[in-house]
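Chemist: I have a structure I would like to understand better, so I am pasting it below and will then ask my questions one at a time.
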Amino acid sequence: MTSYQLKTQSIYSGDCLKMLKDIPDESVDLCYLDPPFNSNRNYEVFWGDVQEKRAFADRFGDAEAYINYMRPRVMELYRVLKKTGSFYYHCDWHASHYVKIMLDEIFSFGNFRNEIVWKRKTGRGETQHKSNEFGVSTESIFFYTKTRKSTFNSQYSFDAIGYDEYLKKTFRHQESDGRIYRIDNLASPSLRPNLIYDYKGYKPPKNGWAISKEKMIKWDKEGRLYFPKNKRGRIQRKRYLDEVKGKPVQNLWDDIQPISSHSVERLGYPTQKPISLMERIINASSNKGDVILDAFCGCGTTLIAAQKLGRKWIGIDISPTACRVMSQRLYDLYKLREGKDFYVEDLPKTEEELRALPHFEFQNWAVIALGQLTNTTGVPNVIKTGDFGIDGRLYPIEIEKKKKDDKDLFGDTDKYLPVQVKQMDKAGRPDIDNFVSAIRRDGRDKGYFVAFGYSKDAEKEVKRLWKVGEVDINLIEVSSLLKAESMSK
Ligand SMILES: C[S@@+](CC[C@H](N)C(=O)[O-])C[C@H]1O[C@@H](n2cnc3c(N)ncnc32)[C@H](O)[C@@H]1O
């Protein structure tokens with residue numbers, strides 16, 4: 001056993017291979033992971049940067065490279081999972097067969113519980129596919145336990161396809177008070193000599209009843225028995241519709257909608273999973289107070305569901321932007337405050353760490369931090385290419401809130417200020433010229449520029465533009481964003 005402390009209600013920013021080393025052995029009840037797949041349709045990067053996507057496709061171009069990347073991470077997850085713990089690996093057809101073999105090796109075949117097939121009710125695959133193959137409308141979730149002694153709570157659903165019609169067809173009787181019920185056989189399927197008895201003048205079935213006489217009396221008192229008018233008929237059991245828990249959930253999940261452009265919970269993150277999917281997994285394989293871990297956390301759907309269901313949680317993501325989005329989401333939905341109700345560990349805090357970030361991550365960081373500094377909301381661009389020199393926008397806080405209610409956070413609005421970000425030590429005069437053109441093209445006369453520093457020429461030009469009343473550019477240094485961040489904590 002390692003001597004690390006388990007820190008729950010924490011989001012770790014970094015590669016899970018490294019961050020998991022801080023989590024003690026056998027301390028987690030449930031691990032879910034939804035890592036980037038072996039497919040360039042799924043992005044490991046936040047809000048899909050084209051260049052990064054290509055780099056990703058190159059890196060995981062073949063299944064072997066993908067499995068080699070995932071294996072040490074899954075082994076760490078196996079280490080931190082309690083003996084009674086459960087493990088769910090979410091993937092799609094690109095790598096699922098290779099993933100299954102890897103998981104059998106790590107968990108052993110005997111601890112494989114289910115392949116859950118999530119049939120997205122709607123989705124890309126159902127409408128568009130190549131002419132020479134079938135469309136794809138499912139994803140796989142491999143469910144393993146560390147040992148056979150694991151938590152499992154059966155799940156029920158009313159939303160399974162066709163279940164409504166089934167209920168309508170089978171629950172056809174109604175009490176005088178309006179209660180709807182169906183009648184069910186009370187005969188024992190196999191011979192039960194001790195359960196062969198007459199009841200209120202009704203003869204027993206050939207094999208006897210399915211219940212004892214005491215139970216028959218009890219159900220009779222509760223009005224749960226159906227007595228046919230003809231005494232030669234058979235007593236049956238009444239099952240009330242209002243007591244039905246739903247259809248027991250099997251391994252085909254066809255009742256959970258994917259996130260669509262109209263989903264209320266949509267954040268604009270391409271691989272965001274529905275909260276209800278995570279709720280089902282958490283409800284099935286954990287109890288209140290248990291520890292849930294998602295090591296590829298994205299925009300934090302697992303954490304949101306875990307919080308809602310009274311579980312402790314830990315999230316890890318390599319993208320600092322993802323960690324910030326999770327933090328914001330926890331505040332938006334539950335008013336949980338970073339630094340008080342939960343913690344975000346290892347976000348870049350120094351200029352050196354910021355210099356080392358991938359370019360798009362640095363841009364996201366800068367735009368969001370600038371929003372905090374200027375008391376506006378900084379929204380990084382969704383699409384990094386073809387945006388003509390604008391990397392993000394600052395919105396007045398009340399407009400941003402309104403847009404959030406509209407579920408259109410990234411749509412256009414008239415009231416914003418453009419932001420340009422350069423991950424360079426000295427942004428120069430040509431950079432300023434380009435930004436001025438971008439601001440003008442955008443029909444604005446004010447904007448913000450973020451870099452580590454500026455050349456004398458750049459500063460001179462900004463002063464001149466302001467003096468002649470042409471364009472007002474605020475030059476912001478990364479050091480002042482860092483200072484403002486540390487003071488706000
Ligand atoms: C498919 S998304 C997860 C989406 C998530 N289930 C949700 O509903 O929001 C995969 C995430 O894994 C993160 N990631 C990729 N490699 C990682 C690594 N080595 N360690 C931690 N996170 C990683 C990516 O930044 C991305 O946010």
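As shown in the structure tokens, the chain order sets the letters A, B, ...; within each chain, residues go from 1, and ligands are also counted from 1 in the order they appear.
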Please list as number ranges by chain every residue within 6 Å of range 475-479 of chain A, counting only C-alpha atoms and excluding residues in the same chain fewer than 4 positions away.

Modeler: A: 449-453

Chemist: With only C-alpha atoms and all ligand atoms counted and 8 Å as the cut-off, give the residues of chain A in contact with ligand 1, each with its shortest interatomic distance in Å and the pair that gives it, as a tab-separated table.

Modeler:
```
residue	atom	partner	partner_atom_place_in_ligand_line	distance
A:Ser13	CA	ligand 1	21 (C)	7.7
A:Gly14	CA	ligand 1	21 (C)	5.9
A:Asp15	CA	ligand 1	20 (N)	3.6
A:Cys16	CA	ligand 1	20 (N)	3.9
A:Leu17	CA	ligand 1	19 (N)	6.4
A:Leu33	CA	ligand 1	6 (N)	6.9
A:Asp34	CA	ligand 1	6 (N)	5.0
A:Pro35	CA	ligand 1	10 (C)	4.5
A:Pro36	CA	ligand 1	1 (C)	4.7
A:Phe37	CA	ligand 1	1 (C)	7.3
A:Asn42	CA	ligand 1	1 (C)	6.9
A:Tyr43	CA	ligand 1	1 (C)	6.9
A:Glu44	CA	ligand 1	24 (C)	4.5
A:Val45	CA	ligand 1	25 (O)	5.3
A:Phe46	CA	ligand 1	27 (O)	6.2
A:Arg73	CA	ligand 1	19 (N)	7.8
A:Tyr269	CA	ligand 1	9 (O)	7.0
A:Pro270	CA	ligand 1	1 (C)	8.0
A:Thr271	CA	ligand 1	1 (C)	4.9
A:Gln272	CA	ligand 1	8 (O)	3.6
A:Lys273	CA	ligand 1	8 (O)	3.8
A:Pro274	CA	ligand 1	8 (O)	6.7
A:Ile275	CA	ligand 1	8 (O)	7.8
A:Ala295	CA	ligand 1	21 (C)	5.6
A:Phe296	CA	ligand 1	12 (O)	3.8
A:Cys297	CA	ligand 1	5 (C)	4.9
A:Gly298	CA	ligand 1	27 (O)	3.3
A:Cys299	CA	ligand 1	9 (O)	3.9
A:Gly300	CA	ligand 1	9 (O)	5.1
A:Thr301	CA	ligand 1	8 (O)	4.5
A:Thr302	CA	ligand 1	8 (O)	6.8
A:Ile316	CA	ligand 1	21 (C)	5.5
A:Asp317	CA	ligand 1	22 (N)	3.6
A:Ile318	CA	ligand 1	22 (N)	4.0
A:Ser319	CA	ligand 1	25 (O)	4.6
A:Ala322	CA	ligand 1	27 (O)	5.9
```

Chemist: Could you tell me which of A:Leu241, A:Ala284, A:Val436, A:Met75 comes closest to Gln174 in chain A if we count only C-alpha atoms?

Modeler: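 Closest candidate: A:Leu241.
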
Chemist: What residues in range 305-388 of chain A get the DSSP label strand (DSSP E or B)? Please answer as a ChimeraX atom specification.

Modeler: /A:312-317,338,342-345,377-380

Chemist: Deliver the residues from the most recent selection as a file, using N, CA and C atoms, as a CSV table (one decimal), in the first residue's frame.

Modeler:
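That gives us result.csv:
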```
chain,number,residue,atom,x,y,z
A,312,LYS,N,-18.8,10.7,-3.6
A,312,LYS,CA,-17.6,11.5,-3.6
A,312,LYS,C,-17.0,11.3,-5.0
A,313,TRP,N,-16.2,12.2,-5.5
A,313,TRP,CA,-15.7,12.1,-6.8
A,313,TRP,C,-14.3,12.7,-7.0
A,314,ILE,N,-13.6,12.1,-8.1
A,314,ILE,CA,-12.3,12.6,-8.5
A,314,ILE,C,-12.3,12.7,-10.0
A,315,GLY,N,-11.9,13.8,-10.6
A,315,GLY,CA,-11.8,13.9,-12.0
A,315,GLY,C,-10.4,14.2,-12.5
A,316,ILE,N,-10.0,13.7,-13.6
A,316,ILE,CA,-8.7,14.0,-14.2
A,316,ILE,C,-8.9,14.3,-15.6
A,317,ASP,N,-8.2,15.4,-16.1
A,317,ASP,CA,-8.1,15.6,-17.5
A,317,ASP,C,-6.9,16.3,-17.9
A,338,GLU,N,-14.9,26.6,-6.4
A,338,GLU,CA,-13.5,26.1,-6.4
A,338,GLU,C,-12.7,26.6,-5.2
A,342,PHE,N,-14.6,22.3,-3.6
A,342,PHE,CA,-13.8,21.4,-4.4
A,342,PHE,C,-12.5,22.0,-4.8
A,343,TYR,N,-11.6,21.2,-5.3
A,343,TYR,CA,-10.3,21.7,-5.6
A,343,TYR,C,-9.9,21.4,-7.0
A,344,VAL,N,-9.1,22.3,-7.7
A,344,VAL,CA,-8.6,22.0,-9.0
A,344,VAL,C,-7.1,22.0,-8.8
A,345,GLU,N,-6.4,20.8,-9.0
A,345,GLU,CA,-5.0,20.7,-8.7
A,345,GLU,C,-4.2,20.8,-10.0
A,377,THR,N,-17.0,37.9,-19.4
A,377,THR,CA,-16.9,36.4,-19.6
A,377,THR,C,-16.0,36.2,-20.9
A,378,GLY,N,-14.9,35.6,-20.7
A,378,GLY,CA,-14.0,35.3,-21.8
A,378,GLY,C,-14.4,34.0,-22.5
A,379,VAL,N,-14.8,34.0,-23.7
A,379,VAL,CA,-15.2,32.8,-24.4
A,379,VAL,C,-14.3,32.5,-25.6
A,380,PRO,N,-13.5,31.4,-25.4
A,380,PRO,CA,-12.5,31.1,-26.5
A,380,PRO,C,-13.3,30.7,-27.8
```

Chemist: Rank nothing, just name the residue among A:Ile211, A:Leu81, A:Val462, A:Val367 nearest to Asp391 in chain A, using only C-alpha atoms.

Modeler: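 Under the stated criterion, the closest residue is A:Val367.
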
Chemist: So the first atom is CA of Tyr197 in chain A and the second is CA of Arg234 in chain A; what is the distance between them in Å, to one decimal place?

Modeler: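 Computing it gives 12.5 Å between the two atoms.
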
Chemist: Mind checking which residues fall within 9 Å of Trp93 in chain A, counting only C-alpha atoms, ignoring those fewer than 5 positions away in the same chain, and posting them as a list in words?

Modeler: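 Close residues of Trp93 in chain A: Val136, Thr138, Glu139 and Ser140 of chain A.
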
Chemist: For the residues in that selection, give me N, CA, C and O atoms as a short mmCIF file (atom, residue, chain, number, x, y, z; two decimals), in the first residue's frame.

Modeler:
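Below is the file part_3.cif, written as the result:
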```cif
data_model
loop_
_atom_site.label_atom_id
_atom_site.label_comp_id
_atom_site.auth_asym_id
_atom_site.auth_seq_id
_atom_site.Cartn_x
_atom_site.Cartn_y
_atom_site.Cartn_z
N VAL A 136 -23.61 3.32 -38.30
CA VAL A 136 -23.29 2.90 -36.93
C VAL A 136 -24.09 3.75 -35.96
O VAL A 136 -24.07 4.97 -36.04
N THR A 138 -24.27 2.67 -32.45
CA THR A 138 -24.02 2.16 -31.10
C THR A 138 -22.60 2.47 -30.64
O THR A 138 -21.71 2.70 -31.45
N GLU A 139 -22.44 2.46 -29.32
CA GLU A 139 -21.11 2.52 -28.71
C GLU A 139 -21.06 1.41 -27.68
O GLU A 139 -22.11 0.91 -27.26
N SER A 140 -19.87 1.01 -27.30
CA SER A 140 -19.74 -0.08 -26.33
C SER A 140 -19.20 0.43 -25.01
O SER A 140 -18.34 1.32 -25.00
#
```

Chemist: Please identify all polymer residues within 9 Å of Lys213 in chain A, counting only C-alpha atoms, omitting same-chain residues fewer than 2 positions from it, and present them as a compact mmCIF listing (two decimals) with N, CA, C and O atoms, in the first residue's frame.

Modeler:
```txt
# COMPACT_ATOMS: atom_id res chain seq x y z
N LEU A 195 -48.14 -26.98 -1.77
CA LEU A 195 -48.87 -25.75 -2.12
C LEU A 195 -50.17 -26.06 -2.88
O LEU A 195 -50.72 -25.22 -3.56
N TYR A 197 -53.76 -26.47 -2.40
CA TYR A 197 -54.84 -26.27 -1.41
C TYR A 197 -55.99 -25.49 -2.07
O TYR A 197 -55.77 -24.75 -3.05
N TYR A 199 -58.86 -22.55 -2.10
CA TYR A 199 -58.96 -21.23 -1.46
C TYR A 199 -60.30 -20.60 -1.84
O TYR A 199 -60.58 -20.42 -3.02
N TRP A 209 -50.17 -23.95 -6.10
CA TRP A 209 -50.01 -22.51 -6.25
C TRP A 209 -48.53 -22.12 -6.20
O TRP A 209 -47.69 -22.89 -5.73
N ILE A 211 -47.62 -19.63 -4.33
CA ILE A 211 -47.40 -19.02 -3.01
C ILE A 211 -48.08 -19.84 -1.91
O ILE A 211 -49.01 -20.61 -2.17
N LYS A 215 -49.50 -16.42 2.47
CA LYS A 215 -49.31 -15.30 1.54
C LYS A 215 -50.61 -15.04 0.76
O LYS A 215 -50.96 -13.89 0.49
N MET A 216 -51.29 -16.13 0.42
CA MET A 216 -52.57 -15.99 -0.31
C MET A 216 -53.53 -15.14 0.54
O MET A 216 -54.16 -14.21 0.03
N ILE A 217 -53.59 -15.44 1.83
CA ILE A 217 -54.50 -14.70 2.73
C ILE A 217 -54.07 -13.22 2.79
O ILE A 217 -54.88 -12.30 2.71
N LYS A 218 -52.76 -13.01 2.90
CA LYS A 218 -52.23 -11.64 3.00
C LYS A 218 -52.59 -10.84 1.73
O LYS A 218 -53.11 -9.73 1.79
```

Chemist: Rounded to one decimal in Å, what is the spacing between CA of Thr147 in chain A and CA of Ser285 in chain A?

Modeler: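 The value is 13.1 Å.
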
Chemist: CA of Gly223 in chain A and CA of Val249 in chain A are how many Å apart?

Modeler: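 That distance, rounded to one decimal, is 29.2 Å.
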
Chemist: Counting only C-alpha atoms, figure out which residue out of A:Pro228, A:Pro430, A:Pro24, A:Asp442 gets nearest to Glu461 in chain A.

Modeler: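 Of A:Pro228, A:Pro430, A:Pro24, A:Asp442, the one nearest Glu461 in chain A is A:Pro430, counting only C-alpha atoms.
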
Chemist: Measuring between only C-alpha atoms, which one of A:Lys415, A:Arg237, A:Arg120, A:Lys308 shows the shortest distance to Ser260 in chain A?

Modeler: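 Using only C-alpha atoms, the shortest distance to Ser260 in chain A belongs to A:Arg120.
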